[in-house]
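Heads up, coords-v3.pdb below (PDB, C-alpha atoms):
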```pdb
ATOM      1  CA  MET A   1      80.281 -26.742 -70.066  1.00  0.00           C
ATOM      2  CA  SER A   2      79.146 -28.420 -66.850  1.00  0.00           C
ATOM      3  CA  GLU A   3      79.636 -26.863 -63.450  1.00  0.00           C
ATOM      4  CA  ARG A   4      81.593 -28.892 -60.975  1.00  0.00           C
ATOM      5  CA  SER A   5      80.624 -28.821 -57.301  1.00  0.00           C
ATOM      6  CA  TRP A   6      83.408 -27.655 -55.029  1.00  0.00           C
ATOM      7  CA  PHE A   7      83.649 -27.465 -51.284  1.00  0.00           C
ATOM      8  CA  PRO A   8      86.441 -27.321 -48.700  1.00  0.00           C
ATOM      9  CA  HIS A   9      86.964 -30.297 -46.428  1.00  0.00           C
ATOM     10  CA  LEU A  10      85.752 -29.368 -42.935  1.00  0.00           C
ATOM     11  CA  THR A  11      88.202 -30.454 -40.260  1.00  0.00           C
ATOM     12  CA  VAL A  12      88.605 -29.908 -36.531  1.00  0.00           C
ATOM     13  CA  ALA A  13      91.709 -29.745 -34.353  1.00  0.00           C
ATOM     14  CA  ALA A  14      92.501 -29.357 -30.663  1.00  0.00           C
ATOM     15  CA  ILE A  15      95.111 -27.351 -28.807  1.00  0.00           C
ATOM     16  CA  ILE A  16      95.650 -28.987 -25.428  1.00  0.00           C
ATOM     17  CA  GLU A  17      98.223 -27.440 -23.113  1.00  0.00           C
ATOM     18  CA  GLN A  18      99.496 -28.841 -19.835  1.00  0.00           C
ATOM     19  CA  ASN A  19     102.575 -27.645 -17.952  1.00  0.00           C
ATOM     20  CA  GLU A  20     103.567 -25.399 -20.893  1.00  0.00           C
ATOM     21  CA  LYS A  21     103.570 -28.364 -23.298  1.00  0.00           C
ATOM     22  CA  PHE A  22     101.165 -29.136 -26.129  1.00  0.00           C
ATOM     23  CA  LEU A  23      99.627 -32.514 -26.919  1.00  0.00           C
ATOM     24  CA  CYS A  24     100.565 -33.593 -30.443  1.00  0.00           C
ATOM     25  CA  VAL A  25     100.263 -36.713 -32.529  1.00  0.00           C
ATOM     26  CA  GLU A  26     102.775 -38.297 -34.842  1.00  0.00           C
ATOM     27  CA  GLU A  27     101.186 -39.429 -38.106  1.00  0.00           C
ATOM     28  CA  HIS A  28     102.522 -41.334 -41.070  1.00  0.00           C
ATOM     29  CA  PRO A  29     100.781 -39.921 -44.184  1.00  0.00           C
ATOM     30  CA  ARG A  30     102.327 -40.532 -47.598  1.00  0.00           C
ATOM     31  CA  HIS A  31     105.226 -42.547 -46.143  1.00  0.00           C
ATOM     32  CA  HIS A  32     106.839 -39.941 -43.878  1.00  0.00           C
ATOM     33  CA  ASN A  33     106.255 -39.013 -40.248  1.00  0.00           C
ATOM     34  CA  VAL A  34     104.784 -35.619 -39.406  1.00  0.00           C
ATOM     35  CA  ILE A  35     103.592 -33.915 -36.237  1.00  0.00           C
ATOM     36  CA  ASN A  36     100.048 -32.584 -36.001  1.00  0.00           C
ATOM     37  CA  GLN A  37      97.521 -31.516 -33.440  1.00  0.00           C
ATOM     38  CA  PRO A  38      94.862 -34.113 -32.706  1.00  0.00           C
ATOM     39  CA  ALA A  39      92.665 -33.426 -35.739  1.00  0.00           C
ATOM     40  CA  GLY A  40      90.439 -34.898 -38.401  1.00  0.00           C
ATOM     41  CA  HIS A  41      87.388 -34.609 -40.597  1.00  0.00           C
ATOM     42  CA  VAL A  42      83.860 -33.895 -39.427  1.00  0.00           C
ATOM     43  CA  GLU A  43      81.746 -36.914 -40.373  1.00  0.00           C
ATOM     44  CA  ALA A  44      78.242 -36.883 -41.846  1.00  0.00           C
ATOM     45  CA  ASP A  45      75.521 -36.181 -39.253  1.00  0.00           C
ATOM     46  CA  GLU A  46      78.122 -35.262 -36.615  1.00  0.00           C
ATOM     47  CA  SER A  47      78.216 -31.967 -34.747  1.00  0.00           C
ATOM     48  CA  ILE A  48      81.420 -29.966 -34.861  1.00  0.00           C
ATOM     49  CA  THR A  49      81.870 -30.281 -31.103  1.00  0.00           C
ATOM     50  CA  ALA A  50      81.322 -34.039 -31.203  1.00  0.00           C
ATOM     51  CA  ALA A  51      83.839 -34.305 -34.049  1.00  0.00           C
ATOM     52  CA  VAL A  52      86.677 -32.651 -32.124  1.00  0.00           C
ATOM     53  CA  GLN A  53      85.905 -34.746 -29.030  1.00  0.00           C
ATOM     54  CA  ARG A  54      85.890 -37.946 -31.116  1.00  0.00           C
ATOM     55  CA  GLU A  55      89.096 -37.100 -32.960  1.00  0.00           C
ATOM     56  CA  VAL A  56      91.027 -36.342 -29.762  1.00  0.00           C
ATOM     57  CA  LEU A  57      89.812 -39.566 -28.156  1.00  0.00           C
ATOM     58  CA  GLU A  58      90.544 -41.697 -31.228  1.00  0.00           C
ATOM     59  CA  GLU A  59      93.985 -40.222 -31.823  1.00  0.00           C
ATOM     60  CA  THR A  60      95.262 -39.828 -28.265  1.00  0.00           C
ATOM     61  CA  GLY A  61      93.066 -41.805 -25.896  1.00  0.00           C
ATOM     62  CA  TYR A  62      92.300 -38.638 -23.929  1.00  0.00           C
ATOM     63  CA  ALA A  63      88.742 -37.425 -23.265  1.00  0.00           C
ATOM     64  CA  PHE A  64      88.621 -33.801 -24.452  1.00  0.00           C
ATOM     65  CA  THR A  65      86.282 -30.997 -23.419  1.00  0.00           C
ATOM     66  CA  PRO A  66      86.411 -28.050 -25.831  1.00  0.00           C
ATOM     67  CA  THR A  67      85.978 -24.717 -24.066  1.00  0.00           C
ATOM     68  CA  GLU A  68      86.813 -22.110 -26.731  1.00  0.00           C
ATOM     69  CA  LEU A  69      87.336 -21.721 -30.456  1.00  0.00           C
ATOM     70  CA  VAL A  70      90.835 -20.453 -31.291  1.00  0.00           C
ATOM     71  CA  GLY A  71      90.190 -19.756 -34.950  1.00  0.00           C
ATOM     72  CA  LEU A  72      89.198 -20.815 -38.451  1.00  0.00           C
ATOM     73  CA  TYR A  73      91.971 -21.682 -40.896  1.00  0.00           C
ATOM     74  CA  TYR A  74      91.503 -21.967 -44.654  1.00  0.00           C
ATOM     75  CA  PHE A  75      94.372 -23.846 -46.299  1.00  0.00           C
ATOM     76  CA  LYS A  76      95.163 -25.604 -49.572  1.00  0.00           C
ATOM     77  CA  GLY A  77      97.381 -28.590 -48.944  1.00  0.00           C
ATOM     78  CA  SER A  78     100.143 -30.010 -51.096  1.00  0.00           C
ATOM     79  CA  ASN A  79      97.594 -32.645 -52.142  1.00  0.00           C
ATOM     80  CA  GLU A  80      95.583 -29.833 -53.841  1.00  0.00           C
ATOM     81  CA  VAL A  81      92.732 -30.305 -51.335  1.00  0.00           C
ATOM     82  CA  THR A  82      91.367 -27.189 -49.622  1.00  0.00           C
ATOM     83  CA  TYR A  83      90.623 -27.466 -45.905  1.00  0.00           C
ATOM     84  CA  LEU A  84      88.642 -25.318 -43.512  1.00  0.00           C
ATOM     85  CA  ARG A  85      89.980 -26.168 -40.053  1.00  0.00           C
ATOM     86  CA  MET A  86      88.194 -25.179 -36.865  1.00  0.00           C
ATOM     87  CA  CYS A  87      90.722 -25.193 -34.053  1.00  0.00           C
ATOM     88  CA  PHE A  88      89.565 -25.483 -30.441  1.00  0.00           C
ATOM     89  CA  THR A  89      91.219 -25.326 -27.068  1.00  0.00           C
ATOM     90  CA  GLY A  90      90.067 -27.090 -23.958  1.00  0.00           C
ATOM     91  CA  SER A  91      91.129 -29.638 -21.417  1.00  0.00           C
ATOM     92  CA  VAL A  92      91.554 -33.351 -21.102  1.00  0.00           C
ATOM     93  CA  GLN A  93      89.755 -35.106 -18.294  1.00  0.00           C
ATOM     94  CA  THR A  94      92.593 -37.434 -17.461  1.00  0.00           C
ATOM     95  CA  THR A  95      96.351 -37.387 -17.849  1.00  0.00           C
ATOM     96  CA  GLU A  96      96.619 -41.065 -18.761  1.00  0.00           C
ATOM     97  CA  HIS A  97      95.611 -42.815 -21.947  1.00  0.00           C
ATOM     98  CA  SER A  98      92.148 -44.227 -21.441  1.00  0.00           C
ATOM     99  CA  GLY A  99      90.992 -45.317 -24.879  1.00  0.00           C
ATOM    100  CA  PRO A 100      92.020 -46.669 -28.250  1.00  0.00           C
ATOM    101  CA  ILE A 101      94.472 -44.894 -30.516  1.00  0.00           C
ATOM    102  CA  ASP A 102      93.780 -44.494 -34.255  1.00  0.00           C
ATOM    103  CA  PRO A 103      96.006 -46.860 -36.296  1.00  0.00           C
ATOM    104  CA  ASP A 104      97.217 -43.896 -38.417  1.00  0.00           C
ATOM    105  CA  ILE A 105      98.821 -42.382 -35.298  1.00  0.00           C
ATOM    106  CA  THR A 106     102.228 -43.804 -34.438  1.00  0.00           C
ATOM    107  CA  GLN A 107     102.481 -42.075 -31.040  1.00  0.00           C
ATOM    108  CA  THR A 108     101.574 -39.032 -28.972  1.00  0.00           C
ATOM    109  CA  HIS A 109     103.979 -36.378 -27.711  1.00  0.00           C
ATOM    110  CA  TRP A 110     103.946 -33.398 -25.356  1.00  0.00           C
ATOM    111  CA  PHE A 111     106.095 -30.659 -26.923  1.00  0.00           C
ATOM    112  CA  SER A 112     107.024 -27.231 -25.619  1.00  0.00           C
ATOM    113  CA  TRP A 113     106.541 -24.320 -28.046  1.00  0.00           C
ATOM    114  CA  ASP A 114     110.280 -24.284 -28.826  1.00  0.00           C
ATOM    115  CA  GLU A 115     110.369 -28.064 -29.356  1.00  0.00           C
ATOM    116  CA  LEU A 116     107.300 -27.939 -31.584  1.00  0.00           C
ATOM    117  CA  LYS A 117     108.841 -25.304 -33.865  1.00  0.00           C
ATOM    118  CA  GLN A 118     111.675 -27.777 -34.601  1.00  0.00           C
ATOM    119  CA  GLN A 119     109.364 -30.615 -35.724  1.00  0.00           C
ATOM    120  CA  ASN A 120     108.336 -31.732 -39.212  1.00  0.00           C
ATOM    121  CA  LEU A 121     104.756 -30.394 -39.104  1.00  0.00           C
ATOM    122  CA  ARG A 122     101.808 -31.645 -41.143  1.00  0.00           C
ATOM    123  CA  SER A 123     100.939 -28.115 -42.276  1.00  0.00           C
ATOM    124  CA  PRO A 124     101.695 -24.468 -41.453  1.00  0.00           C
ATOM    125  CA  VAL A 125      98.265 -24.305 -39.806  1.00  0.00           C
ATOM    126  CA  VAL A 126      99.693 -26.121 -36.767  1.00  0.00           C
ATOM    127  CA  LEU A 127     102.078 -23.266 -35.909  1.00  0.00           C
ATOM    128  CA  LYS A 128      99.685 -20.476 -36.940  1.00  0.00           C
ATOM    129  CA  SER A 129      96.899 -21.763 -34.698  1.00  0.00           C
ATOM    130  CA  LEU A 130      99.339 -22.150 -31.789  1.00  0.00           C
ATOM    131  CA  GLU A 131     100.633 -18.622 -32.353  1.00  0.00           C
ATOM    132  CA  ASP A 132      97.030 -17.380 -32.198  1.00  0.00           C
ATOM    133  CA  TYR A 133      96.434 -19.442 -29.038  1.00  0.00           C
ATOM    134  CA  LEU A 134      99.587 -18.098 -27.363  1.00  0.00           C
ATOM    135  CA  ALA A 135      98.536 -14.544 -28.316  1.00  0.00           C
ATOM    136  CA  GLY A 136      95.285 -15.113 -26.406  1.00  0.00           C
ATOM    137  CA  GLN A 137      92.935 -15.374 -29.379  1.00  0.00           C
ATOM    138  CA  ARG A 138      89.739 -17.091 -28.204  1.00  0.00           C
ATOM    139  CA  PHE A 139      86.082 -17.119 -29.226  1.00  0.00           C
ATOM    140  CA  PRO A 140      83.173 -18.469 -27.154  1.00  0.00           C
ATOM    141  CA  MET A 141      81.719 -21.871 -27.976  1.00  0.00           C
ATOM    142  CA  ASN A 142      78.276 -20.316 -28.501  1.00  0.00           C
ATOM    143  CA  LEU A 143      79.659 -18.903 -31.748  1.00  0.00           C
ATOM    144  CA  ILE A 144      78.945 -22.397 -33.139  1.00  0.00           C
ATOM    145  CA  ASN A 145      75.331 -23.388 -33.706  1.00  0.00           C
ATOM    146  CA  ASP A 146      74.569 -26.922 -34.877  1.00  0.00           C
ATOM    147  CA  PHE A 147      71.139 -27.290 -36.503  1.00  0.00           C
ATOM    148  CA  ASN A 148      69.366 -30.430 -37.721  1.00  0.00           C
ATOM    149  CA  LEU A 149      71.549 -32.897 -35.833  1.00  0.00           C
TER     150      LEU A 149
END
```
Please, can you express the file's structure as structure tokens?
Amino acid sequence: MSERSWFPHLTVAAIIEQNEKFLCVEEHPRHHNVINQPAGHVEADESITAAVQREVLEETGYAFTPTELVGLYYFKGSNEVTYLRMCFTGSVQTTEHSGPIDPDITQTHWFSWDELKQQNLRSPVVLKSLEDYLAGQRFPMNLINDFNL
């Protein structure tokens, strides 16, 4: 019997709040629209911090500066893929779109907490990470150490 290599998919996400509203993206995976945080996979030879900055810029057009880690979320999706999501909070440097938007994103939205709870969300991790954020859960960025990059 041969051993099969297994690993979770490492992803990053951003919680960006302005005026009591959260920046979200509308995606169209598997032929139905869902709401997600700006998020995506960490690419080869990319630092975790660079990945979350790139994903926010690509998906929303906003330049993002991560300031704190909200949490780590381990989740098996309906596609049978296991994800380890690192969720950050921080700020955007501008309030207007300044860059390209990923073609998989149909549009961006600013939702209040109550509005967000009514949306068709990509995964339960979206609400859980926002609950942690609203409860004040934060970890310093120096918790993350990137070596060999």
Explicit residue set for the PyMOL selection byres ((chain A and resi 18) around 10), as a ChimeraX atom specification: /A:16-17,19-23,91-92,95,110-112
Distance query Asn145 (chain A) at most 12 Å, only C-alpha atoms, self and fewer than 6 positions along chain excluded, as JSON, numbers by chain: {"A": [47, 48, 49]}
Hits from the PyMOL selection byres ((chain A and resi 9) around 10), listed as number ranges by chain: A: 6-8, 10-11, 40-42, 74-76, 81-85
Residue members of the PyMOL selection byres ((chain A and resi 115-119) around 10) in the file shown, as number ranges by chain: A: 21-22, 24, 34-36, 109-114, 120-122, 126-127, 130
If you take every atom of region 116-120 of chain A that the file lists and fit an axis-aligned box around them with 8 Å extra on each side, what centre and edge lengths come out in Å to one decimal, as AutoDock Vina command-line options?
```
--center_x 109.5 --center_y -28.5 --center_z -35.4 --size_x 20.4 --size_y 22.4 --size_z 23.6
```
CA of Arg138 (chain A) to CA of Glu59 (chain A), straight-line distance in Å: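 The value is 23.8 Å.
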Atomic separation - CA of Ala14 (chain A) relative to CA of Ala51 (chain A), Å: 10.5 Å
Option closest in space to Asp132 (chain A), from A:Gln53, A:Gly77, A:Phe88, A:Tyr62 [counting only C-alpha atoms]: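 Closest to Asp132 (chain A) of all the choices is A:Phe88.
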Selected residue, from A:Leu57, A:Ala44, A:Ile15, A:Val52, that lies nearest to Leu134 (chain A) when counting only C-alpha atoms: A:Ile15
Top pick for closest residue to His28 (chain A), considering A:Asp102, A:Glu46, A:Glu80, A:Glu68 and counting all atoms listed in the file: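 Checking each candidate against His28 (chain A), we get A:Asp102 as the closest.
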